[in-house]
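Accompanying notes for the structure given below.
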Amino acid sequence: MSRAEMVALGWDECDVILVTGDAYIDHPSFGMALVGRLLEAQGFRVGIISQPDWTSAEAFRALGKPRLYYGITAGNMDSMVNRYTADRKIRSDDAYTANGEPNKRPDRAVTVYAQRVREAYPGTPVVIGSIEASLRRIAHFDYWSDKVRRSVLTDSKADLLIFGNAERALVDLTHRMAAGEDIKSIRDLRGTAFMVPAGWLPDDDWGVHNSTRVDVPGKVDTHPDPYMMVQQNTSSCATENGGAKGEVDEGMVEPKPVVPVEVIKPIRIMSREERQAMAKEKHNKTVVRLPSYETVSTDPVMYAHASRVFHLESNPGNARAMVQAHGERDVWLNPPPLPLRMDEMDGVYDMNYARAPHPAYGKARIPAWEMIRFSVNIMRGCFGGCTFCSITEHEGRIIQSRSEPSILREIEHIRDKTKGFTGTISDLGGPTANMYRLACKDPKIEESCRRLSCVYPSICVNLGTDHSKLISLYRKARAIPGVKKILISSGLRYDIAVRSPEYVKELVTHHVGGLLKIAPEHTEENTLSKMMKPGIGAYDEFKEMFDRFSLEAGKKQYLIPYFIAAHPGTTDLDMLNLALWLKKNNFKLDQVQTFMPTPMAMATTMYHTRKNPLRKVSEDSEVVETARSGKIRRTHKAFLRYQDPENWPILREALVAMGRGDLIGNGDKHLIPSWSAGEGNAPDPSRRTPSGPAPSAKGARSGIVASAQPPARHQGQRANALTGSLTARQSLDTKPRASILDTIKVKKPAAAAPAKGAKPAPRGRK
């Protein structure tokens with residue numbers, strides 16, 4: 001962190017200097033600490049520059065010139081996600097900075113930091129990594145600039161990009177550079193990307209699979225007639241072309257005998273294993289050429305096609321190298337890294353971490369550290385494949401788990417070394433709470449699988465869903481002396497949990513602190529199919545188990561569901577139905593999330609291209625409608641917080657446009673009131689008003705426009721929820737259309753107290 005520390009250690013230079021956009025916390029949940037300790041364990045001297053002043057190169061010279069290379073990362077989050085909200089507004093704080101202070105990192109931090117270290121020490125090798133570099137390794141849509149940007153390799157001018165689980169690649173790279181190998185010649189590490197001349201191939205025996213265009217119907221050849229005894233000429237016969245009588249019909253000519261060239265070649269019968277090995281070798285020496293940056297930046301269909309091809313090449317067991325042209329050079333991506341074995345995971349997490357922020361921060365509070373200081377990461381990866389999430393693109397689909405002894409040792413270290421520990425472990429989890437030790441039943445099937453999700457549209461028959469190892473871990477963790485409570489705070493994959501009622505009972509009985517977070521994300525199939533999430537029926541099944549086991553344990557516990565507004569494929573009607581479901585189930589959400597298109601996510605592809613990359617992409621393939629305008633996105637978000645008076649004006653406007661004015665009123669069966677105290681549109685109390693204003697003739701897809709005056713009523717006219725057509729519902733004597741809220745059981749008001757001296761009415765049987 002400083003020259004003084006180098007002097008105290010007796011170092012005259014660092015082998016590797018890591019630059020990060022986060023405050024430095026020596027804990028395995030923070031990437032820089034993990035990488036630094038990993039290289040230190042290999043015998044290298046590692047320096048760390050945390051949150052440098054990027055306005056000049058001087059801060060990047062603080063530790064001198066590294067002997068081997070600079071390692072650049074934006075931190076644990078993409079810098080744009082860290083600094084901006086889903087509405088593109090600058091956040092007021094930064095959880096990864098001391099005291100939550102904002103503006104301690106630049107936009108696109110990887111690119112800025114890389115440019116500054118080049119300026120500080122020209123010619124020094126630069127290696128970029130972390131989630132920001134990993135998710136921007138090819139041409140990608142950037143939500144904040146609303147355009148397709150080039151690979152971060154071209155903008156940062158880095159020598160090498162390491163993506164995914166980088167431990168093996170990083171150790172191999174550092175040792176090879178320490179042995180004198182030039183970084184520009186290191187081209188064979190899995191999980192790395194680099195720039196090469198156009199058309200470059202690693203060797204002469206490599207082939208190219210061209211995927212630079214979408215599949216289109218090709219030429220249909222005429223099938224030969226198997227009964228024709230002579231060769232048929234495909235050209236028109238002479239008589240049809242006006243030839244004279246007696247001319248030779250060239251359409252029927254005896255074929256000339258072909259004398260085969262005698263080739264003496266021994267016959268060799270290959271075994272099935274040999275044929276498979278040959279095919280695999282050919283597969284491994286084939287690179288997939290994606291459409292160029294210039295093409296995908298201007299053609300949404302080709303962008304969607306490239307996204308689909310990219311995600312289909314994500315299984316380390318069968319993924320091929322990929323290449324994408326950027327001008328006169330190519331970005332080359334080696335196949336993703338192989339998952340870490342259990343002993344390797346243990347080695348990474350068992351290193352001698354201080355498990356505390358650097359002393360330079362003094363008593364400053366770092367929110368991200370406060371959140372995870374008493375938690376334990378037990379696994380990596382996620383096979384859920386949710387389209388709005390980028391975990392799969394970064395950590396992979398195959399679960400990498402630590403061993404029980406390693407996890408239990410870390411709990412003991414927290415108990416013994418972490419200040420402020422009171423006996424409660426806040427989480428045993430990871431990207432998900434309950435994928436620990438879950439895997440495909442057959443490694444060969446796992447190696448060849450090309451599914452984008454193991455659990456959508458249904459749980460794969462080859463996926464093991466036995467939670468017994470996780471149950472065993474929970475029980476052993478609870479038994480550690482000094483540990484009073486183990487909570488599970490990571491998001492629970494409830495569609496898998498219901499396959500193991502024993503696990504749900506264990507979780508509910510011992511590991512829920514009153515509230516349990518789960519993420520249905522939506523209720524409508526139209527939206528869930530674009531998210532690759534299970535139907536709401538899976539939530540209902542889990543809720544039944546959760547309530548039953550909570551009752552058996554004698555505990556009052558509640559589920560906290562998370563939902564996303566304005567996800568690609570979501571219509572105004574979908575959001576209305578979700579709001580009705582929330583009211584029916586008496587959910588009043590405090591914190592809600594609007595969809596944020598992050599780089600390389602498949603939902604981001606839908607947002608940008610209006611195409612569905614989950615299926616084959618073509619010019620006329622499925623169109624995915626998406627809420628892009630700010631007002632529609634605000635309307636969708638308002639539906640999630642229908643109870644908030646600040647959202648009522650925009651919701652009234654939307655409901656009118658959708659033809660659902662019957663949901664505006666002050667009764668229990670209405671979604672929002674027609675007015676509220678303090679609003680400027682409060683009506684005269686002495687005058688009765690209809691339950692809602694007149695609907696507009698505009699369609700529900702806009703969800704914005706409302707009509708100013710109610711039209712004349714026509715006898716028998718009916719409402720259309722999709723078109724918002726005019727209805728007879730505007731008159732007071734018209735019965736509102738039945739809605740889903742009709743099923744809500746409304747508690748009857750208490751009877752008025754009897755007058756003084758009056759006899760109470762006789763009580764009936766309950």
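Chain labels follow the order of the structure tokens: the first chain is A, the next B, and so on; residue numbering restarts at 1 in every chain, and ligands are counted from 1 in their shown order.
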
#### Entry: Within 9 Å of A:Ser50 using only C-alpha atoms, minus same-chain residues under 4 positions, as a list in words
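Residues near the query, excluding close chain neighbours: Met1, Leu18, Val19, Thr20, Gly21, Asp22, Ala23 and Tyr24 of chain A.
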
### Message
For A:Phe310, find every residue with an atom within 12 Å (counting only C-alpha atoms), except residues of its own chain fewer than 4 positions away, and show them as number ranges by chain.
### Response
A: 135, 137-140, 211-212, 287-291, 303-306, 314-315, 319-324, 333, 335-336, 393, 450, 452, 600-602, 605, 613-614

### Query
Which residues, written as a list in words, have at least one atom at most 8 Å from A:Met606, with only C-alpha atoms counted and residues fewer than 3 positions away on the same chain left out?
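The residues that qualify are Ala304, Pro568, Met602, Ala603, Thr609, Arg610, Lys611, Asn612, Pro613, Val624 and Thr626 of chain A.
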
### Message
So, with only C-alpha atoms as the atoms that count, which of A:Ile536, A:Val623, A:Leu153, A:Ala654 lies closest to A:Thr635?
### Response
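Comparing A:Ile536, A:Val623, A:Leu153, A:Ala654 against A:Thr635, the winner is A:Ala654.
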
### Query
Tell me, which residues of stretch 237-379 of chain A carry DSSP alpha helix (DSSP H), written as number ranges by chain?
A: 272-284, 293-296, 300-312, 342-349, 367-372

May I have the selected residues written with N, CA and C atoms, as a short mmCIF file (atom, residue, chain, number, x, y, z; two decimals), in the first residue's frame?
data_model
loop_
_atom_site.label_atom_id
_atom_site.label_comp_id
_atom_site.auth_asym_id
_atom_site.auth_seq_id
_atom_site.Cartn_x
_atom_site.Cartn_y
_atom_site.Cartn_z
N ARG A 272 -14.08 -46.84 -31.64
CA ARG A 272 -14.96 -45.72 -31.32
C ARG A 272 -14.22 -44.65 -30.52
N GLU A 273 -13.39 -45.09 -29.60
CA GLU A 273 -12.63 -44.15 -28.78
C GLU A 273 -11.66 -43.33 -29.63
N GLU A 274 -11.04 -43.97 -30.63
CA GLU A 274 -10.11 -43.25 -31.50
C GLU A 274 -10.85 -42.23 -32.35
N ARG A 275 -12.02 -42.61 -32.87
CA ARG A 275 -12.79 -41.66 -33.67
C ARG A 275 -13.23 -40.47 -32.83
N GLN A 276 -13.64 -40.73 -31.60
CA GLN A 276 -14.04 -39.64 -30.72
C GLN A 276 -12.86 -38.74 -30.38
N ALA A 277 -11.71 -39.34 -30.15
CA ALA A 277 -10.51 -38.55 -29.84
C ALA A 277 -10.12 -37.66 -31.01
N MET A 278 -10.24 -38.21 -32.24
CA MET A 278 -9.91 -37.43 -33.43
C MET A 278 -10.88 -36.26 -33.60
N ALA A 279 -12.18 -36.54 -33.37
CA ALA A 279 -13.17 -35.47 -33.49
C ALA A 279 -12.96 -34.40 -32.43
N LYS A 280 -12.59 -34.83 -31.21
CA LYS A 280 -12.36 -33.88 -30.14
C LYS A 280 -11.14 -33.01 -30.42
N GLU A 281 -10.09 -33.62 -30.98
CA GLU A 281 -8.90 -32.85 -31.32
C GLU A 281 -9.21 -31.80 -32.37
N LYS A 282 -10.01 -32.20 -33.36
CA LYS A 282 -10.41 -31.24 -34.39
C LYS A 282 -11.26 -30.13 -33.79
N HIS A 283 -12.17 -30.50 -32.88
CA HIS A 283 -13.02 -29.52 -32.21
C HIS A 283 -12.19 -28.53 -31.41
N ASN A 284 -11.19 -29.03 -30.69
CA ASN A 284 -10.36 -28.18 -29.85
C ASN A 284 -9.44 -27.27 -30.65
N TYR A 293 -16.89 -6.28 -34.76
CA TYR A 293 -17.40 -5.13 -34.00
C TYR A 293 -18.14 -4.17 -34.92
N GLU A 294 -17.59 -3.91 -36.09
CA GLU A 294 -18.22 -2.98 -37.01
C GLU A 294 -19.61 -3.46 -37.43
N THR A 295 -19.79 -4.79 -37.52
CA THR A 295 -21.09 -5.34 -37.91
C THR A 295 -22.09 -5.27 -36.76
N VAL A 296 -21.70 -5.75 -35.58
CA VAL A 296 -22.65 -5.80 -34.46
C VAL A 296 -22.99 -4.41 -33.93
N PRO A 300 -28.52 -4.83 -35.20
CA PRO A 300 -29.01 -5.48 -33.98
C PRO A 300 -29.19 -6.99 -34.14
N VAL A 301 -29.61 -7.44 -35.32
CA VAL A 301 -29.81 -8.87 -35.52
C VAL A 301 -28.49 -9.62 -35.39
N MET A 302 -27.43 -9.06 -35.97
CA MET A 302 -26.13 -9.71 -35.87
C MET A 302 -25.58 -9.65 -34.44
N TYR A 303 -25.92 -8.58 -33.71
CA TYR A 303 -25.51 -8.51 -32.30
C TYR A 303 -26.17 -9.64 -31.52
N ALA A 304 -27.47 -9.85 -31.74
CA ALA A 304 -28.18 -10.92 -31.04
C ALA A 304 -27.62 -12.28 -31.43
N HIS A 305 -27.30 -12.45 -32.70
CA HIS A 305 -26.71 -13.72 -33.15
C HIS A 305 -25.37 -13.96 -32.46
N ALA A 306 -24.53 -12.92 -32.40
CA ALA A 306 -23.22 -13.05 -31.76
C ALA A 306 -23.37 -13.39 -30.28
N SER A 307 -24.34 -12.77 -29.63
CA SER A 307 -24.59 -13.05 -28.21
C SER A 307 -24.99 -14.52 -28.00
N ARG A 308 -25.85 -15.03 -28.86
CA ARG A 308 -26.28 -16.42 -28.72
C ARG A 308 -25.10 -17.37 -28.92
N VAL A 309 -24.29 -17.13 -29.94
CA VAL A 309 -23.14 -17.99 -30.21
C VAL A 309 -22.16 -17.93 -29.04
N PHE A 310 -21.93 -16.74 -28.52
CA PHE A 310 -21.00 -16.56 -27.41
C PHE A 310 -21.44 -17.39 -26.20
N HIS A 311 -22.72 -17.33 -25.84
CA HIS A 311 -23.19 -18.04 -24.65
C HIS A 311 -23.23 -19.55 -24.87
N LEU A 312 -23.41 -19.99 -26.10
CA LEU A 312 -23.38 -21.43 -26.37
C LEU A 312 -21.97 -22.00 -26.25
N MET A 342 -11.83 -29.15 -5.60
CA MET A 342 -12.13 -28.80 -4.22
C MET A 342 -10.86 -28.46 -3.44
N ASP A 343 -9.77 -29.19 -3.67
CA ASP A 343 -8.54 -28.89 -2.94
C ASP A 343 -7.97 -27.54 -3.37
N GLU A 344 -8.17 -27.17 -4.64
CA GLU A 344 -7.71 -25.86 -5.10
C GLU A 344 -8.54 -24.75 -4.47
N MET A 345 -9.85 -24.96 -4.39
CA MET A 345 -10.70 -23.97 -3.72
C MET A 345 -10.29 -23.80 -2.26
N ASP A 346 -10.00 -24.91 -1.61
CA ASP A 346 -9.57 -24.84 -0.21
C ASP A 346 -8.27 -24.04 -0.09
N GLY A 347 -7.35 -24.29 -1.02
CA GLY A 347 -6.08 -23.59 -0.98
C GLY A 347 -6.24 -22.09 -1.13
N VAL A 348 -7.17 -21.68 -1.98
CA VAL A 348 -7.40 -20.25 -2.21
C VAL A 348 -7.96 -19.58 -0.96
N TYR A 349 -8.90 -20.26 -0.29
CA TYR A 349 -9.59 -19.64 0.84
C TYR A 349 -8.90 -19.87 2.18
N PRO A 367 -18.86 0.02 4.16
CA PRO A 367 -20.13 -0.73 4.17
C PRO A 367 -20.03 -2.16 3.65
N ALA A 368 -19.29 -2.38 2.57
CA ALA A 368 -19.18 -3.73 2.02
C ALA A 368 -18.52 -4.69 3.01
N TRP A 369 -17.56 -4.18 3.75
CA TRP A 369 -16.89 -5.01 4.76
C TRP A 369 -17.85 -5.32 5.91
N GLU A 370 -18.62 -4.34 6.34
CA GLU A 370 -19.58 -4.56 7.41
C GLU A 370 -20.60 -5.63 7.02
N MET A 371 -20.92 -5.68 5.74
CA MET A 371 -21.92 -6.64 5.27
C MET A 371 -21.41 -8.08 5.32
N ILE A 372 -20.12 -8.31 5.01
CA ILE A 372 -19.63 -9.69 4.85
C ILE A 372 -18.63 -10.12 5.91
#

### Message
For the structure I just gave you, how does DSSP split stretch 53-203 of chain A - specifically, which residues are strand (DSSP E)? Reply as an MDAnalysis selection string.
### Response
chainID A and resid 69:72 126:128 140:142 147:149 160:162 192:197

### Summary
One residue among A:Ile128, A:Leu576, A:Val331, A:Val81 is nearest to A:Trp200 when using only C-alpha atoms, and that residue is A:Val331

### Query
Which of these, A:Met177, A:Ala356, A:Leu201, A:Ala439, has the shortest distance to A:Trp332 once you count only C-alpha atoms?
A:Leu201

Considering only C-alpha atoms, give me a table of residues in stretch 513-602 of chain A that are at most 9 Å from stretch 84-105 of chain A, with the closest atom pair and distance in Å for each, as JSON lines.
{"residue": "A:Gln593", "atom": "CA", "partner": "A:Ala86", "partner_atom": "CA", "distance": 8.2}
{"residue": "A:Thr594", "atom": "CA", "partner": "A:Ala86", "partner_atom": "CA", "distance": 6.2}
{"residue": "A:Phe595", "atom": "CA", "partner": "A:Ala86", "partner_atom": "CA", "distance": 6.7}
{"residue": "A:Met596", "atom": "CA", "partner": "A:Ala86", "partner_atom": "CA", "distance": 5.0}
{"residue": "A:Pro597", "atom": "CA", "partner": "A:Ala86", "partner_atom": "CA", "distance": 8.2}

Using all heavy atoms, can you export the residues from the last selection as a compact mmCIF listing (two decimals), in the first residue's frame?
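What follows is the written file out-v7.txt:
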# COMPACT_ATOMS: atom_id res chain seq x y z
N GLN A 593 -36.44 -3.02 -7.65
CA GLN A 593 -35.34 -2.94 -8.61
C GLN A 593 -35.88 -2.78 -10.02
O GLN A 593 -36.77 -3.52 -10.43
CB GLN A 593 -34.48 -4.20 -8.51
CG GLN A 593 -33.32 -4.24 -9.48
CD GLN A 593 -32.53 -5.53 -9.35
OE1 GLN A 593 -32.84 -6.38 -8.54
NE2 GLN A 593 -31.50 -5.68 -10.17
N THR A 594 -35.34 -1.83 -10.74
CA THR A 594 -35.63 -1.68 -12.15
C THR A 594 -34.52 -2.36 -12.94
O THR A 594 -33.35 -2.27 -12.57
CB THR A 594 -35.71 -0.20 -12.55
OG1 THR A 594 -36.66 0.46 -11.71
CG2 THR A 594 -36.15 -0.04 -14.00
N PHE A 595 -34.88 -3.04 -13.99
CA PHE A 595 -33.90 -3.77 -14.78
C PHE A 595 -32.77 -2.86 -15.25
O PHE A 595 -33.01 -1.78 -15.79
CB PHE A 595 -34.58 -4.41 -16.00
CG PHE A 595 -33.62 -4.97 -17.01
CD1 PHE A 595 -32.88 -6.10 -16.74
CD2 PHE A 595 -33.45 -4.36 -18.25
CE1 PHE A 595 -31.99 -6.61 -17.66
CE2 PHE A 595 -32.57 -4.87 -19.18
CZ PHE A 595 -31.84 -6.00 -18.88
N MET A 596 -31.54 -3.30 -15.02
CA MET A 596 -30.36 -2.58 -15.50
C MET A 596 -29.62 -3.46 -16.49
O MET A 596 -29.13 -4.53 -16.14
CB MET A 596 -29.43 -2.22 -14.34
CG MET A 596 -28.17 -1.48 -14.80
SD MET A 596 -26.96 -1.23 -13.47
CE MET A 596 -27.80 0.02 -12.50
N PRO A 597 -29.50 -3.04 -17.74
CA PRO A 597 -28.78 -3.84 -18.75
C PRO A 597 -27.27 -3.81 -18.49
O PRO A 597 -26.62 -2.79 -18.69
CB PRO A 597 -29.13 -3.15 -20.08
CG PRO A 597 -30.29 -2.25 -19.77
CD PRO A 597 -30.12 -1.85 -18.34

### Task
Write out as a ChimeraX atom specification which residues come within 10 Å of A:Cys454 when counting only C-alpha atoms, dropping same-chain ones fewer than 3 positions away.
/A:382-385,397-398,439-440,449-451,457-463

### Message
Env of A:Glu13: 10 Å cut, atoms = only C-alpha atoms, seq-sep filter 6 positions within chain, self excluded. Answer as a ChimeraX atom specification.
### Response
/A:3,6-7,45-47,63-67

### Best match for closeness to A:Lys419 among A:Ala4, A:Pro431, A:Phe374, A:Lys584, counting only C-alpha atoms
A:Phe374

### Selected residue, from A:Ala109, A:Val196, A:Val152, A:Ile445, that lies nearest to A:Gly75 when counting only C-alpha atoms
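Residue with the minimum atom-to-atom distance to A:Gly75: A:Ala109.
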
#### Entry: Atom-to-atom span, atom CA of A:Leu651 and atom CA of A:Asp574, Å
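Those two atoms sit 13.9 Å apart.
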
### Task
Please provide as a list in words all residues within 9 Å of stretch 550-553 of chain A, with the sequence filter that same-chain residues fewer than 6 positions apart are discarded (counting only C-alpha atoms).
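So, after excluding close chain neighbours, the residues are Lys505, Val508, Thr509 and His510 of chain A.
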
### Task
Could you give me, as an NGL selection string, the residues within 8 Å of A:Lys637, counting only C-alpha atoms and dropping anything in the same chain fewer than 2 positions from it?
:A and (565-566 or 592-594 or 633-635 or 639-641)

Go ahead and save the residues from that selection, with N, CA, C and O atoms, as a PDB file, in the first residue's frame.
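Listed below is the output, out-v1.pdb:
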ATOM      1  N   ALA A 565     -38.688  -4.743 -12.225  1.00  0.00           N
ATOM      2  CA  ALA A 565     -39.571  -3.979 -13.106  1.00  0.00           C
ATOM      3  C   ALA A 565     -38.874  -3.704 -14.436  1.00  0.00           C
ATOM      4  O   ALA A 565     -37.644  -3.598 -14.492  1.00  0.00           O
ATOM      5  N   ALA A 566     -39.670  -3.598 -15.497  1.00  0.00           N
ATOM      6  CA  ALA A 566     -39.200  -3.173 -16.820  1.00  0.00           C
ATOM      7  C   ALA A 566     -38.199  -4.141 -17.439  1.00  0.00           C
ATOM      8  O   ALA A 566     -37.366  -3.738 -18.251  1.00  0.00           O
ATOM      9  N   VAL A 592     -37.353  -1.805  -4.395  1.00  0.00           N
ATOM     10  CA  VAL A 592     -37.641  -2.500  -5.648  1.00  0.00           C
ATOM     11  C   VAL A 592     -36.525  -2.204  -6.641  1.00  0.00           C
ATOM     12  O   VAL A 592     -35.768  -1.251  -6.482  1.00  0.00           O
ATOM     13  N   GLN A 593     -36.439  -3.017  -7.651  1.00  0.00           N
ATOM     14  CA  GLN A 593     -35.339  -2.935  -8.607  1.00  0.00           C
ATOM     15  C   GLN A 593     -35.881  -2.783 -10.018  1.00  0.00           C
ATOM     16  O   GLN A 593     -36.771  -3.519 -10.433  1.00  0.00           O
ATOM     17  N   THR A 594     -35.342  -1.830 -10.737  1.00  0.00           N
ATOM     18  CA  THR A 594     -35.631  -1.679 -12.154  1.00  0.00           C
ATOM     19  C   THR A 594     -34.519  -2.364 -12.939  1.00  0.00           C
ATOM     20  O   THR A 594     -33.346  -2.269 -12.575  1.00  0.00           O
ATOM     21  N   ARG A 633     -40.509   3.045 -17.908  1.00  0.00           N
ATOM     22  CA  ARG A 633     -39.739   2.356 -16.862  1.00  0.00           C
ATOM     23  C   ARG A 633     -40.191   2.823 -15.473  1.00  0.00           C
ATOM     24  O   ARG A 633     -40.308   2.022 -14.547  1.00  0.00           O
ATOM     25  N   ARG A 634     -40.473   4.121 -15.329  1.00  0.00           N
ATOM     26  CA  ARG A 634     -40.962   4.620 -14.036  1.00  0.00           C
ATOM     27  C   ARG A 634     -42.344   4.061 -13.720  1.00  0.00           C
ATOM     28  O   ARG A 634     -42.659   3.760 -12.562  1.00  0.00           O
ATOM     29  N   THR A 635     -43.172   3.913 -14.759  1.00  0.00           N
ATOM     30  CA  THR A 635     -44.508   3.350 -14.548  1.00  0.00           C
ATOM     31  C   THR A 635     -44.410   1.908 -14.079  1.00  0.00           C
ATOM     32  O   THR A 635     -45.099   1.498 -13.135  1.00  0.00           O
ATOM     33  N   PHE A 639     -45.678   0.297 -10.345  1.00  0.00           N
ATOM     34  CA  PHE A 639     -46.586  -0.814 -10.095  1.00  0.00           C
ATOM     35  C   PHE A 639     -46.098  -1.678  -8.926  1.00  0.00           C
ATOM     36  O   PHE A 639     -46.900  -2.227  -8.169  1.00  0.00           O
ATOM     37  N   LEU A 640     -44.781  -1.794  -8.771  1.00  0.00           N
ATOM     38  CA  LEU A 640     -44.240  -2.600  -7.673  1.00  0.00           C
ATOM     39  C   LEU A 640     -44.477  -1.938  -6.321  1.00  0.00           C
ATOM     40  O   LEU A 640     -44.527  -2.618  -5.304  1.00  0.00           O
ATOM     41  N   ARG A 641     -44.615  -0.614  -6.322  1.00  0.00           N
ATOM     42  CA  ARG A 641     -44.883   0.107  -5.070  1.00  0.00           C
ATOM     43  C   ARG A 641     -46.197   0.867  -5.215  1.00  0.00           C
ATOM     44  O   ARG A 641     -46.269   2.075  -5.051  1.00  0.00           O
TER      45      ARG A 641
END
